[in-house]
>>> print(open('query-v4.pdb').read())   # PDB, C-alpha atoms
ATOM      1  CA  MET A   1     -12.286   6.543   6.468
ATOM      2  CA  GLN A   2      -9.697   6.474   9.256
ATOM      3  CA  PRO A   3      -7.432   3.645  10.424
ATOM      4  CA  ILE A   4      -8.597   1.892  13.597
ATOM      5  CA  GLY A   5      -5.150   0.317  13.914
ATOM      6  CA  PHE A   6      -2.192  -1.114  12.046
ATOM      7  CA  VAL A   7      -0.874  -4.560  11.134
ATOM      8  CA  LYS A   8       2.353  -5.938  12.573
ATOM      9  CA  SER A   9       3.526  -8.352   9.913
ATOM     10  CA  PRO A  10       6.641 -10.388   9.072
ATOM     11  CA  TYR A  11       6.216  -9.185   5.461
ATOM     12  CA  LYS A  12       8.014  -5.934   4.749
ATOM     13  CA  GLU A  13       7.737  -5.844   0.933
ATOM     14  CA  PRO A  14       5.072  -7.077  -1.491
ATOM     15  CA  ARG A  15       7.489  -9.733  -2.790
ATOM     16  CA  ASP A  16       7.689 -11.261   0.714
ATOM     17  CA  VAL A  17       4.018 -12.340   0.661
ATOM     18  CA  PRO A  18       3.416 -15.904  -0.606
ATOM     19  CA  ARG A  19       1.422 -15.733  -3.864
ATOM     20  CA  GLY A  20       0.058 -17.925  -6.588
ATOM     21  CA  LEU A  21      -1.565 -21.351  -6.620
ATOM     22  CA  GLY A  22      -1.207 -23.255  -3.380
ATOM     23  CA  ALA A  23       0.268 -20.276  -1.513
ATOM     24  CA  LYS A  24      -0.205 -20.792   2.202
ATOM     25  CA  HIS A  25      -1.003 -17.940   4.553
ATOM     26  CA  GLU A  26       0.055 -19.218   7.943
ATOM     27  CA  ALA A  27       2.162 -16.286   9.064
ATOM     28  CA  GLU A  28       1.510 -14.919  12.513
ATOM     29  CA  GLY A  29       1.275 -11.232  13.184
ATOM     30  CA  GLU A  30      -0.645  -8.714  15.213
ATOM     31  CA  LEU A  31      -3.536  -6.373  14.736
ATOM     32  CA  GLU A  32      -2.632  -3.361  16.846
ATOM     33  CA  VAL A  33      -5.812  -1.451  17.496
ATOM     34  CA  LEU A  34      -5.488   2.204  18.486
ATOM     35  CA  PRO A  35      -6.147   2.858  22.205
ATOM     36  CA  GLU A  36      -9.228   4.964  21.501
ATOM     37  CA  PHE A  37     -10.918   1.969  19.845
ATOM     38  CA  GLU A  38      -9.900  -0.754  22.344
ATOM     39  CA  LEU A  39     -13.323  -0.826  24.013
ATOM     40  CA  GLY A  40     -14.760  -1.954  20.660
ATOM     41  CA  LEU A  41     -12.833  -5.239  21.021
ATOM     42  CA  THR A  42     -14.930  -6.304  24.028
ATOM     43  CA  ASP A  43     -15.886 -10.014  23.734
ATOM     44  CA  ILE A  44     -13.935 -10.516  20.522
ATOM     45  CA  GLU A  45     -11.836 -13.224  22.177
ATOM     46  CA  GLY A  46     -14.800 -15.617  21.947
ATOM     47  CA  PHE A  47     -14.436 -15.813  18.169
ATOM     48  CA  SER A  48     -11.942 -18.165  16.546
ATOM     49  CA  HIS A  49     -11.786 -16.272  13.257
ATOM     50  CA  LEU A  50     -12.030 -12.616  12.276
ATOM     51  CA  ILE A  51     -12.542 -10.752   9.020
ATOM     52  CA  VAL A  52     -10.076  -7.902   8.659
ATOM     53  CA  LEU A  53     -10.676  -5.064   6.198
ATOM     54  CA  TRP A  54      -7.586  -3.021   5.407
ATOM     55  CA  VAL A  55      -6.108  -0.593   2.915
ATOM     56  CA  PHE A  56      -3.818  -1.555   0.033
ATOM     57  CA  ASP A  57      -1.769   1.526   0.938
ATOM     58  CA  ARG A  58       1.222   0.644  -1.235
ATOM     59  CA  SER A  59      -0.812   0.131  -4.394
ATOM     60  CA  GLY A  60      -1.629   2.992  -6.728
ATOM     61  CA  GLY A  61      -4.461   3.227  -9.236
ATOM     62  CA  TYR A  62      -6.479   0.315 -10.569
ATOM     63  CA  GLU A  63      -6.925  -1.816 -13.654
ATOM     64  CA  LEU A  64     -10.199  -3.476 -14.626
ATOM     65  CA  MET A  65      -8.442  -6.486 -16.191
ATOM     66  CA  GLY A  66      -5.354  -8.047 -14.703
ATOM     67  CA  MET A  67      -3.253 -11.192 -14.552
ATOM     68  CA  PRO A  68      -3.400 -12.758 -11.094
ATOM     69  CA  PRO A  69      -0.323 -14.575  -9.727
ATOM     70  CA  SER A  70      -2.325 -17.818  -9.765
ATOM     71  CA  ASP A  71      -3.072 -17.856 -13.510
ATOM     72  CA  ASN A  72      -1.535 -16.959 -16.857
ATOM     73  CA  ARG A  73      -4.783 -15.485 -18.171
ATOM     74  CA  PRO A  74      -6.296 -12.085 -17.368
ATOM     75  CA  HIS A  75      -9.521 -11.735 -15.392
ATOM     76  CA  GLY A  76     -11.759  -8.888 -14.270
ATOM     77  CA  VAL A  77     -10.644  -7.176 -11.089
ATOM     78  CA  PHE A  78     -13.893  -8.067  -9.271
ATOM     79  CA  ALA A  79     -13.233 -11.759 -10.016
ATOM     80  CA  THR A  80      -9.779 -11.520  -8.377
ATOM     81  CA  ARG A  81      -8.198 -10.327  -5.142
ATOM     82  CA  SER A  82      -5.916  -7.899  -7.012
ATOM     83  CA  PRO A  83      -4.645  -4.919  -4.965
ATOM     84  CA  ARG A  84      -5.233  -2.614  -7.950
ATOM     85  CA  ARG A  85      -8.964  -2.098  -7.322
ATOM     86  CA  PRO A  86     -11.208   0.960  -7.754
ATOM     87  CA  ASN A  87     -11.497   1.102  -3.947
ATOM     88  CA  PRO A  88      -8.243  -0.354  -2.582
ATOM     89  CA  ILE A  89      -9.747  -2.368   0.275
ATOM     90  CA  GLY A  90      -8.183  -5.718   1.174
ATOM     91  CA  LEU A  91      -9.941  -8.514   3.059
ATOM     92  CA  THR A  92      -8.229 -11.237   5.058
ATOM     93  CA  VAL A  93      -9.728 -13.943   7.267
ATOM     94  CA  VAL A  94      -7.420 -14.584  10.213
ATOM     95  CA  GLU A  95      -7.456 -16.973  13.147
ATOM     96  CA  LEU A  96      -7.417 -15.230  16.503
ATOM     97  CA  VAL A  97      -4.663 -16.750  18.619
ATOM     98  CA  ARG A  98      -4.700 -14.428  21.633
ATOM     99  CA  ARG A  99      -5.861 -11.024  22.702
ATOM    100  CA  GLN A 100      -3.701  -8.817  24.881
ATOM    101  CA  GLY A 101      -5.554  -5.571  25.465
ATOM    102  CA  ALA A 102      -5.648  -3.714  22.166
ATOM    103  CA  ARG A 103      -3.306  -6.208  20.465
ATOM    104  CA  LEU A 104      -4.727  -9.222  18.683
ATOM    105  CA  GLN A 105      -2.228 -11.946  17.875
ATOM    106  CA  VAL A 106      -3.492 -13.651  14.731
ATOM    107  CA  ARG A 107      -2.527 -16.361  12.256
ATOM    108  CA  GLY A 108      -3.049 -16.108   8.517
ATOM    109  CA  ILE A 109      -1.570 -12.676   7.856
ATOM    110  CA  ASP A 110      -1.022 -11.681   4.229
ATOM    111  CA  MET A 111      -0.739  -7.928   4.775
ATOM    112  CA  LEU A 112       2.457  -5.902   4.823
ATOM    113  CA  GLU A 113       4.000  -4.396   7.956
ATOM    114  CA  GLY A 114       2.236  -1.169   8.875
ATOM    115  CA  THR A 115      -0.898  -1.773   6.802
ATOM    116  CA  PRO A 116      -3.783   0.450   8.023
ATOM    117  CA  ILE A 117      -6.777  -1.509   9.346
ATOM    118  CA  LEU A 118     -10.260  -0.168   8.560
ATOM    119  CA  ASP A 119     -12.478  -2.696  10.312
ATOM    120  CA  ILE A 120     -12.582  -5.995  12.165
ATOM    121  CA  LYS A 121     -15.702  -8.163  12.038
ATOM    122  CA  PRO A 122     -16.478 -11.546  13.609
ATOM    123  CA  TYR A 123     -16.520 -14.491  11.185
ATOM    124  CA  LEU A 124     -19.957 -15.933  11.836
ATOM    125  CA  SER A 125     -20.625 -18.626   9.249
ATOM    126  CA  SER A 126     -19.216 -20.383   6.214
ATOM    127  CA  ILE A 127     -20.592 -21.443   2.872
ATOM    128  CA  PRO A 128     -20.076 -25.246   2.848
ATOM    129  CA  ALA A 129     -17.173 -26.124   0.528
ATOM    130  CA  GLU A 130     -19.410 -28.453  -1.499
ATOM    131  CA  ASN A 131     -21.654 -25.511  -2.418
ATOM    132  CA  LEU A 132     -18.830 -23.356  -3.775
ATOM    133  CA  ARG A 133     -17.945 -22.877  -7.427
ATOM    134  CA  ARG A 134     -14.599 -21.170  -7.871
ATOM    135  CA  GLY A 135     -14.558 -20.270 -11.575
ATOM    136  CA  TRP A 136     -11.236 -19.482 -13.228
ATOM    137  CA  LEU A 137      -9.325 -20.339 -10.061
ATOM    138  CA  ALA A 138     -10.558 -23.941 -10.060
ATOM    139  CA  GLU A 139      -9.727 -24.163 -13.793
ATOM    140  CA  ALA A 140      -6.211 -22.819 -13.214
ATOM    141  CA  GLU A 141      -5.699 -25.358 -10.430
ATOM    142  CA  GLU A 142      -6.829 -28.176 -12.707
ATOM    143  CA  ARG A 143      -4.472 -27.067 -15.456
ATOM    144  CA  ALA A 144      -1.607 -26.802 -12.967
ATOM    145  CA  ASN A 145      -2.343 -30.347 -11.812
ATOM    146  CA  GLY A 146      -2.218 -31.524 -15.437
ATOM    147  CA  ARG A 147      -5.794 -32.711 -15.479
TER     148      ARG A 147
ATOM    149  CA  MET B   1     -13.599   5.893  -1.948
ATOM    150  CA  GLN B   2     -16.175   6.009  -4.732
ATOM    151  CA  PRO B   3     -19.189   3.753  -5.391
ATOM    152  CA  ILE B   4     -18.647   1.153  -8.121
ATOM    153  CA  GLY B   5     -22.397   0.585  -8.221
ATOM    154  CA  PHE B   6     -25.584   0.438  -6.192
ATOM    155  CA  VAL B   7     -27.792  -2.260  -4.661
ATOM    156  CA  LYS B   8     -31.306  -2.906  -5.890
ATOM    157  CA  SER B   9     -33.037  -4.345  -2.851
ATOM    158  CA  PRO B  10     -36.561  -5.210  -1.707
ATOM    159  CA  TYR B  11     -35.706  -3.505   1.605
ATOM    160  CA  LYS B  12     -36.528   0.200   1.633
ATOM    161  CA  GLU B  13     -36.118   0.931   5.354
ATOM    162  CA  PRO B  14     -33.830  -0.502   8.047
ATOM    163  CA  ARG B  15     -36.854  -2.066   9.776
ATOM    164  CA  ASP B  16     -37.562  -4.132   6.638
ATOM    165  CA  VAL B  17     -34.346  -6.157   6.988
ATOM    166  CA  PRO B  18     -34.727  -9.434   8.945
ATOM    167  CA  ARG B  19     -32.682  -9.195  12.150
ATOM    168  CA  GLY B  20     -31.909 -11.116  15.296
ATOM    169  CA  LEU B  21     -31.316 -14.778  16.050
ATOM    170  CA  GLY B  22     -32.273 -17.092  13.233
ATOM    171  CA  ALA B  23     -32.900 -14.269  10.763
ATOM    172  CA  LYS B  24     -32.693 -15.602   7.227
ATOM    173  CA  HIS B  25     -31.209 -13.611   4.398
ATOM    174  CA  GLU B  26     -32.683 -15.171   1.300
ATOM    175  CA  ALA B  27     -33.916 -12.044  -0.429
ATOM    176  CA  GLU B  28     -33.016 -11.594  -4.068
ATOM    177  CA  GLY B  29     -31.775  -8.332  -5.443
ATOM    178  CA  GLU B  30     -29.291  -6.889  -7.869
ATOM    179  CA  LEU B  31     -25.842  -5.413  -7.773
ATOM    180  CA  GLU B  32     -25.946  -2.729 -10.455
ATOM    181  CA  VAL B  33     -22.371  -1.970 -11.374
ATOM    182  CA  LEU B  34     -21.684   1.380 -13.076
ATOM    183  CA  PRO B  35     -20.982   1.085 -16.826
ATOM    184  CA  GLU B  36     -17.397   2.331 -16.464
ATOM    185  CA  PHE B  37     -16.581  -0.637 -14.192
ATOM    186  CA  GLU B  38     -18.385  -3.389 -16.139
ATOM    187  CA  LEU B  39     -15.161  -4.741 -17.677
ATOM    188  CA  GLY B  40     -13.993  -5.556 -14.132
ATOM    189  CA  LEU B  41     -16.782  -8.170 -13.894
ATOM    190  CA  THR B  42     -15.150 -10.352 -16.566
ATOM    191  CA  ASP B  43     -15.256 -14.040 -15.531
ATOM    192  CA  ILE B  44     -17.187 -13.335 -12.343
ATOM    193  CA  GLU B  45     -20.008 -15.623 -13.503
ATOM    194  CA  GLY B  46     -17.812 -18.650 -12.718
ATOM    195  CA  PHE B  47     -18.127 -18.001  -8.994
ATOM    196  CA  SER B  48     -21.129 -19.201  -7.022
ATOM    197  CA  HIS B  49     -20.648 -16.737  -4.162
ATOM    198  CA  LEU B  50     -19.366 -13.184  -3.903
ATOM    199  CA  ILE B  51     -18.260 -10.950  -1.061
ATOM    200  CA  VAL B  52     -19.823  -7.501  -1.336
ATOM    201  CA  LEU B  53     -18.394  -4.519   0.547
ATOM    202  CA  TRP B  54     -20.748  -1.580   0.832
ATOM    203  CA  VAL B  55     -21.426   1.607   2.772
ATOM    204  CA  PHE B  56     -23.812   1.921   5.719
ATOM    205  CA  ASP B  57     -24.948   5.196   4.168
ATOM    206  CA  ARG B  58     -27.999   5.631   6.381
ATOM    207  CA  SER B  59     -26.096   5.197   9.637
ATOM    208  CA  GLY B  60     -24.431   8.122  11.394
ATOM    209  CA  GLY B  61     -21.588   8.014  13.901
ATOM    210  CA  TYR B  62     -20.443   4.970  15.822
ATOM    211  CA  GLU B  63     -20.534   3.440  19.278
ATOM    212  CA  LEU B  64     -17.825   1.163  20.634
ATOM    213  CA  MET B  65     -20.307  -0.868  22.713
ATOM    214  CA  GLY B  66     -23.741  -1.769  21.461
ATOM    215  CA  MET B  67     -26.643  -4.174  21.880
ATOM    216  CA  PRO B  68     -27.033  -6.348  18.788
ATOM    217  CA  PRO B  69     -30.522  -7.468  17.719
ATOM    218  CA  SER B  70     -29.508 -11.073  18.450
ATOM    219  CA  ASP B  71     -28.684 -10.597  22.145
ATOM    220  CA  ASN B  72     -29.817  -8.678  25.220
ATOM    221  CA  ARG B  73     -26.245  -7.940  26.313
ATOM    222  CA  PRO B  74     -23.880  -5.310  24.898
ATOM    223  CA  HIS B  75     -20.745  -6.274  22.979
ATOM    224  CA  GLY B  76     -17.835  -4.444  21.390
ATOM    225  CA  VAL B  77     -18.522  -3.134  17.897
ATOM    226  CA  PHE B  78     -15.708  -5.230  16.388
ATOM    227  CA  ALA B  79     -17.342  -8.368  17.820
ATOM    228  CA  THR B  80     -20.624  -7.506  16.065
ATOM    229  CA  ARG B  81     -21.909  -6.562  12.616
ATOM    230  CA  SER B  82     -23.372  -3.280  13.905
ATOM    231  CA  PRO B  83     -23.818  -0.518  11.290
ATOM    232  CA  ARG B  84     -22.522   2.073  13.792
ATOM    233  CA  ARG B  85     -18.813   1.371  13.166
ATOM    234  CA  PRO B  86     -15.796   3.725  13.057
ATOM    235  CA  ASN B  87     -15.598   3.029   9.304
ATOM    236  CA  PRO B  88     -19.160   2.299   8.158
ATOM    237  CA  ILE B  89     -18.360  -0.570   5.797
ATOM    238  CA  GLY B  90     -20.811  -3.467   5.533
ATOM    239  CA  LEU B  91     -19.968  -6.949   4.273
ATOM    240  CA  THR B  92     -22.422  -9.417   2.792
ATOM    241  CA  VAL B  93     -21.806 -12.816   1.201
ATOM    242  CA  VAL B  94     -24.286 -13.343  -1.627
ATOM    243  CA  GLU B  95     -24.992 -16.157  -4.034
ATOM    244  CA  LEU B  96     -24.641 -15.171  -7.668
ATOM    245  CA  VAL B  97     -27.776 -16.244  -9.528
ATOM    246  CA  ARG B  98     -27.181 -14.663 -12.931
ATOM    247  CA  ARG B  99     -25.141 -11.989 -14.603
ATOM    248  CA  GLN B 100     -26.675  -9.731 -17.242
ATOM    249  CA  GLY B 101     -24.009  -7.321 -18.382
ATOM    250  CA  ALA B 102     -23.288  -4.950 -15.539
ATOM    251  CA  ARG B 103     -26.190  -6.303 -13.450
ATOM    252  CA  LEU B 104     -25.615  -9.182 -11.056
ATOM    253  CA  GLN B 105     -28.740 -10.887  -9.792
ATOM    254  CA  VAL B 106     -27.925 -12.239  -6.354
ATOM    255  CA  ARG B 107     -29.538 -14.042  -3.412
ATOM    256  CA  GLY B 108     -28.850 -13.212   0.218
ATOM    257  CA  ILE B 109     -29.297  -9.450   0.148
ATOM    258  CA  ASP B 110     -29.436  -7.646   3.503
ATOM    259  CA  MET B 111     -28.679  -4.155   2.232
ATOM    260  CA  LEU B 112     -31.180  -1.367   1.698
ATOM    261  CA  GLU B 113     -32.335  -0.119  -1.698
ATOM    262  CA  GLY B 114     -29.762   2.241  -3.190
ATOM    263  CA  THR B 115     -26.855   1.189  -0.956
ATOM    264  CA  PRO B 116     -23.508   2.237  -2.508
ATOM    265  CA  ILE B 117     -21.225  -0.696  -3.341
ATOM    266  CA  LEU B 118     -17.482  -0.261  -2.737
ATOM    267  CA  ASP B 119     -16.115  -3.594  -3.897
ATOM    268  CA  ILE B 120     -16.986  -7.090  -5.071
ATOM    269  CA  LYS B 121     -14.598  -9.990  -4.435
ATOM    270  CA  PRO B 122     -14.832 -13.677  -5.299
ATOM    271  CA  TYR B 123     -15.558 -15.988  -2.351
ATOM    272  CA  LEU B 124     -12.678 -18.430  -2.595
ATOM    273  CA  SER B 125     -12.705 -20.639   0.483
ATOM    274  CA  SER B 126     -14.464 -21.307   3.765
ATOM    275  CA  ILE B 127     -13.333 -22.040   7.287
ATOM    276  CA  PRO B 128     -14.886 -25.456   8.043
ATOM    277  CA  ALA B 129     -17.847 -25.024  10.393
ATOM    278  CA  GLU B 130     -16.310 -27.446  12.898
ATOM    279  CA  ASN B 131     -13.298 -25.124  13.292
ATOM    280  CA  LEU B 132     -15.382 -22.045  14.120
ATOM    281  CA  ARG B 133     -15.980 -20.643  17.587
ATOM    282  CA  ARG B 134     -18.720 -18.018  17.578
ATOM    283  CA  GLY B 135     -18.398 -16.434  21.038
ATOM    284  CA  TRP B 136     -21.319 -14.451  22.406
ATOM    285  CA  LEU B 137     -23.490 -15.343  19.419
ATOM    286  CA  ALA B 138     -23.306 -19.070  20.152
ATOM    287  CA  GLU B 139     -24.057 -18.325  23.824
ATOM    288  CA  ALA B 140     -27.068 -16.178  22.905
ATOM    289  CA  GLU B 141     -28.360 -18.973  20.660
ATOM    290  CA  GLU B 142     -27.976 -21.495  23.474
ATOM    291  CA  ARG B 143     -29.866 -19.257  25.899
ATOM    292  CA  ALA B 144     -32.610 -18.708  23.320
ATOM    293  CA  ASN B 145     -32.897 -22.464  22.887
ATOM    294  CA  GLY B 146     -33.235 -22.846  26.658
ATOM    295  CA  ARG B 147     -30.104 -24.940  27.026
TER     296      ARG B 147
END
>>> encode(input="query-v4.pdb", output="structure tokens")
Amino acid sequence: MQPIGFVKSPYKEPRDVPRGLGAKHEAEGELEVLPEFELGLTDIEGFSHLIVLWVFDRSGGYELMGMPPSDNRPHGVFATRSPRRPNPIGLTVVELVRRQGARLQVRGIDMLEGTPILDIKPYLSSIPAENLRRGWLAEAEERANGR
Amino acid sequence: MQPIGFVKSPYKEPRDVPRGLGAKHEAEGELEVLPEFELGLTDIEGFSHLIVLWVFDRSGGYELMGMPPSDNRPHGVFATRSPRRPNPIGLTVVELVRRQGARLQVRGIDMLEGTPILDIKPYLSSIPAENLRRGWLAEAEERANGR
């Protein structure tokens, strides 16, 4: 695995990233793709949204059970987006605002400044919201809303 | 990077996987998580859909421009789901049918039998279909439909 580029983000430290229930990810930033991979971005500007795979490079080790910032109960790592995963790969869906050569200006950043990017894929389709069940997260939201 | 498990799939060879415009991915299969990671699946059964990250382990090298099976024009690798990527990571959204211990029965498999799994994440939210632009893929679909 080798970085294909790096994230330019307003978030310098983990504590800067909005977390927990209702956290909004509307920050703008850039995906700076390395020059040798720029050709691979051909036609990407036609897509409104991209899936970015990246490395949790400031996270060490993993734990199979953990307490997410959006709940006060522990859950299995594969049922959360915890950075402390067996393979420390992060996934973020971003909105593509503009492409300038090898730099993609995007909205919806939740990565830290300098995060290594492993892959960019086009976002092709969605599961309709009415078909989704969201397990412990939906329960935590209901508890937070006092229902 | 180390596998957390392996895919049990009806597809033995790349040619077995439905490809191209309108290809449906409704095959059922299993995500067999290794025993040492089973605890990490705690509470996963509450989610209807999962994001699976896996390795294109039968694909060698990469090409920055390629012809996808759904079009007769080449596009940049980061604007396609080509297996021949700088970092050969695949992503599939599957529907979770049933969990039996460390085995997740899922629908929507497009991986080959024995594919190494890197990560499983809960599918938490969708971009509404009306907000999506799908670039060359939408254009290829329109041409195929003779519009």
>>> residues_around(input="query-v4.pdb", residues="A:Asp16", least_positions_apart="5", cutoff="9 Å", atoms="only C-alpha atoms", output="PyMOL selection string")
chain A and resi 10-11+112
>>> resolve_selection(input="query-v4.pdb", expression="the PyMOL selection byres ((chain B and resi 63) around 10)", output="PyMOL selection string")
(chain A and resi 37+39-40) or (chain B and resi 60-62+64-66+76-77+82-86)
>>> resolve_selection(input="query-v4.pdb", expression="the PyMOL selection byres ((chain A and resi 45) around 8)", output="list in words")
Thr42, Asp43, Ile44, Gly46, Phe47, Ser48, Leu96, Arg98 and Arg99 of chain A; Gly135 of chain B
>>> write_last_selection(input="query-v4.pdb", atoms="C-alpha atoms", output="mmCIF file, in the coordinates of the input")
data_model
loop_
_atom_site.group_PDB
_atom_site.id
_atom_site.type_symbol
_atom_site.label_atom_id
_atom_site.label_comp_id
_atom_site.auth_asym_id
_atom_site.auth_seq_id
_atom_site.Cartn_x
_atom_site.Cartn_y
_atom_site.Cartn_z
ATOM 1 C CA THR A 42 -14.930 -6.304 24.028
ATOM 2 C CA ASP A 43 -15.886 -10.014 23.734
ATOM 3 C CA ILE A 44 -13.935 -10.516 20.522
ATOM 4 C CA GLY A 46 -14.800 -15.617 21.947
ATOM 5 C CA PHE A 47 -14.436 -15.813 18.169
ATOM 6 C CA SER A 48 -11.942 -18.165 16.546
ATOM 7 C CA LEU A 96 -7.417 -15.230 16.503
ATOM 8 C CA ARG A 98 -4.700 -14.428 21.633
ATOM 9 C CA ARG A 99 -5.861 -11.024 22.702
ATOM 10 C CA GLY B 135 -18.398 -16.434 21.038
#
>>> calpha_fit_and_write(input="query-v4.pdb", fixed="chain B", moving="chain A", output="compact mmCIF listing (two decimals) with C-alpha atoms, in the coordinates of the input")
# COMPACT_ATOMS: atom_id res chain seq x y z
CA MET A 1 -13.60 5.90 -1.94
CA GLN A 2 -16.19 6.01 -4.73
CA PRO A 3 -19.18 3.76 -5.38
CA ILE A 4 -18.65 1.17 -8.12
CA GLY A 5 -22.40 0.59 -8.22
CA PHE A 6 -25.59 0.43 -6.19
CA VAL A 7 -27.79 -2.26 -4.66
CA LYS A 8 -31.31 -2.94 -5.89
CA SER A 9 -33.04 -4.36 -2.85
CA PRO A 10 -36.57 -5.24 -1.71
CA TYR A 11 -35.72 -3.53 1.61
CA LYS A 12 -36.52 0.17 1.62
CA GLU A 13 -36.12 0.92 5.35
CA PRO A 14 -33.84 -0.51 8.04
CA ARG A 15 -36.86 -2.08 9.77
CA ASP A 16 -37.58 -4.14 6.62
CA VAL A 17 -34.36 -6.17 6.99
CA PRO A 18 -34.74 -9.45 8.94
CA ARG A 19 -32.69 -9.21 12.16
CA GLY A 20 -31.91 -11.12 15.29
CA LEU A 21 -31.31 -14.79 16.03
CA GLY A 22 -32.28 -17.11 13.22
CA ALA A 23 -32.91 -14.26 10.77
CA LYS A 24 -32.71 -15.60 7.24
CA HIS A 25 -31.21 -13.60 4.40
CA GLU A 26 -32.68 -15.17 1.30
CA ALA A 27 -33.92 -12.04 -0.43
CA GLU A 28 -33.01 -11.61 -4.06
CA GLY A 29 -31.77 -8.34 -5.43
CA GLU A 30 -29.29 -6.90 -7.86
CA LEU A 31 -25.84 -5.41 -7.77
CA GLU A 32 -25.93 -2.74 -10.45
CA VAL A 33 -22.36 -1.96 -11.37
CA LEU A 34 -21.68 1.38 -13.06
CA PRO A 35 -20.97 1.08 -16.82
CA GLU A 36 -17.41 2.34 -16.45
CA PHE A 37 -16.58 -0.63 -14.20
CA GLU A 38 -18.38 -3.39 -16.15
CA LEU A 39 -15.17 -4.74 -17.68
CA GLY A 40 -14.01 -5.55 -14.13
CA LEU A 41 -16.78 -8.17 -13.90
CA THR A 42 -15.15 -10.34 -16.58
CA ASP A 43 -15.26 -14.04 -15.54
CA ILE A 44 -17.19 -13.34 -12.35
CA GLU A 45 -20.00 -15.62 -13.50
CA GLY A 46 -17.82 -18.65 -12.73
CA PHE A 47 -18.12 -18.00 -9.00
CA SER A 48 -21.12 -19.20 -7.01
CA HIS A 49 -20.65 -16.74 -4.16
CA LEU A 50 -19.37 -13.18 -3.91
CA ILE A 51 -18.26 -10.93 -1.06
CA VAL A 52 -19.82 -7.49 -1.33
CA LEU A 53 -18.38 -4.51 0.54
CA TRP A 54 -20.76 -1.58 0.84
CA VAL A 55 -21.42 1.60 2.77
CA PHE A 56 -23.81 1.90 5.72
CA ASP A 57 -24.94 5.19 4.17
CA ARG A 58 -28.00 5.62 6.39
CA SER A 59 -26.10 5.19 9.65
CA GLY A 60 -24.45 8.10 11.40
CA GLY A 61 -21.59 8.02 13.89
CA TYR A 62 -20.43 4.98 15.82
CA GLU A 63 -20.51 3.45 19.27
CA LEU A 64 -17.80 1.16 20.64
CA MET A 65 -20.28 -0.87 22.71
CA GLY A 66 -23.73 -1.77 21.47
CA MET A 67 -26.63 -4.16 21.88
CA PRO A 68 -27.02 -6.35 18.80
CA PRO A 69 -30.52 -7.47 17.73
CA SER A 70 -29.50 -11.07 18.45
CA ASP A 71 -28.69 -10.58 22.15
CA ASN A 72 -29.82 -8.66 25.21
CA ARG A 73 -26.25 -7.92 26.30
CA PRO A 74 -23.87 -5.31 24.90
CA HIS A 75 -20.74 -6.26 22.98
CA GLY A 76 -17.83 -4.43 21.39
CA VAL A 77 -18.51 -3.13 17.90
CA PHE A 78 -15.69 -5.23 16.38
CA ALA A 79 -17.33 -8.37 17.82
CA THR A 80 -20.63 -7.50 16.07
CA ARG A 81 -21.91 -6.56 12.62
CA SER A 82 -23.37 -3.28 13.92
CA PRO A 83 -23.81 -0.52 11.30
CA ARG A 84 -22.52 2.06 13.79
CA ARG A 85 -18.81 1.38 13.18
CA PRO A 86 -15.79 3.72 13.06
CA ASN A 87 -15.58 3.03 9.31
CA PRO A 88 -19.15 2.30 8.17
CA ILE A 89 -18.35 -0.57 5.80
CA GLY A 90 -20.81 -3.46 5.53
CA LEU A 91 -19.96 -6.94 4.27
CA THR A 92 -22.42 -9.41 2.80
CA VAL A 93 -21.80 -12.81 1.20
CA VAL A 94 -24.28 -13.34 -1.63
CA GLU A 95 -25.00 -16.17 -4.04
CA LEU A 96 -24.64 -15.17 -7.67
CA VAL A 97 -27.77 -16.24 -9.52
CA ARG A 98 -27.17 -14.65 -12.93
CA ARG A 99 -25.14 -11.99 -14.61
CA GLN A 100 -26.66 -9.73 -17.23
CA GLY A 101 -23.99 -7.31 -18.39
CA ALA A 102 -23.29 -4.95 -15.51
CA ARG A 103 -26.18 -6.31 -13.42
CA LEU A 104 -25.61 -9.19 -11.05
CA GLN A 105 -28.75 -10.90 -9.80
CA VAL A 106 -27.92 -12.24 -6.35
CA ARG A 107 -29.53 -14.04 -3.42
CA GLY A 108 -28.85 -13.22 0.21
CA ILE A 109 -29.30 -9.45 0.15
CA ASP A 110 -29.44 -7.66 3.50
CA MET A 111 -28.68 -4.16 2.22
CA LEU A 112 -31.18 -1.37 1.69
CA GLU A 113 -32.33 -0.13 -1.71
CA GLY A 114 -29.76 2.23 -3.19
CA THR A 115 -26.87 1.19 -0.96
CA PRO A 116 -23.51 2.24 -2.51
CA ILE A 117 -21.22 -0.70 -3.34
CA LEU A 118 -17.48 -0.25 -2.74
CA ASP A 119 -16.11 -3.59 -3.90
CA ILE A 120 -16.98 -7.08 -5.07
CA LYS A 121 -14.59 -9.97 -4.44
CA PRO A 122 -14.84 -13.67 -5.30
CA TYR A 123 -15.55 -15.98 -2.35
CA LEU A 124 -12.67 -18.42 -2.61
CA SER A 125 -12.71 -20.64 0.47
CA SER A 126 -14.46 -21.31 3.75
CA ILE A 127 -13.34 -22.04 7.27
CA PRO A 128 -14.90 -25.47 8.02
CA ALA A 129 -17.87 -25.03 10.38
CA GLU A 130 -16.31 -27.45 12.89
CA ASN A 131 -13.31 -25.13 13.28
CA LEU A 132 -15.38 -22.05 14.11
CA ARG A 133 -15.99 -20.64 17.57
CA ARG A 134 -18.71 -18.02 17.58
CA GLY A 135 -18.39 -16.44 21.04
CA TRP A 136 -21.32 -14.45 22.41
CA LEU A 137 -23.48 -15.34 19.42
CA ALA A 138 -23.30 -19.07 20.16
CA GLU A 139 -24.06 -18.32 23.84
CA ALA A 140 -27.07 -16.18 22.91
CA GLU A 141 -28.35 -18.97 20.66
CA GLU A 142 -27.99 -21.49 23.48
CA ARG A 143 -29.86 -19.26 25.89
CA ALA A 144 -32.61 -18.69 23.32
CA ASN A 145 -32.93 -22.45 22.90
CA GLY A 146 -33.27 -22.82 26.68
CA ARG A 147 -30.17 -24.93 27.05
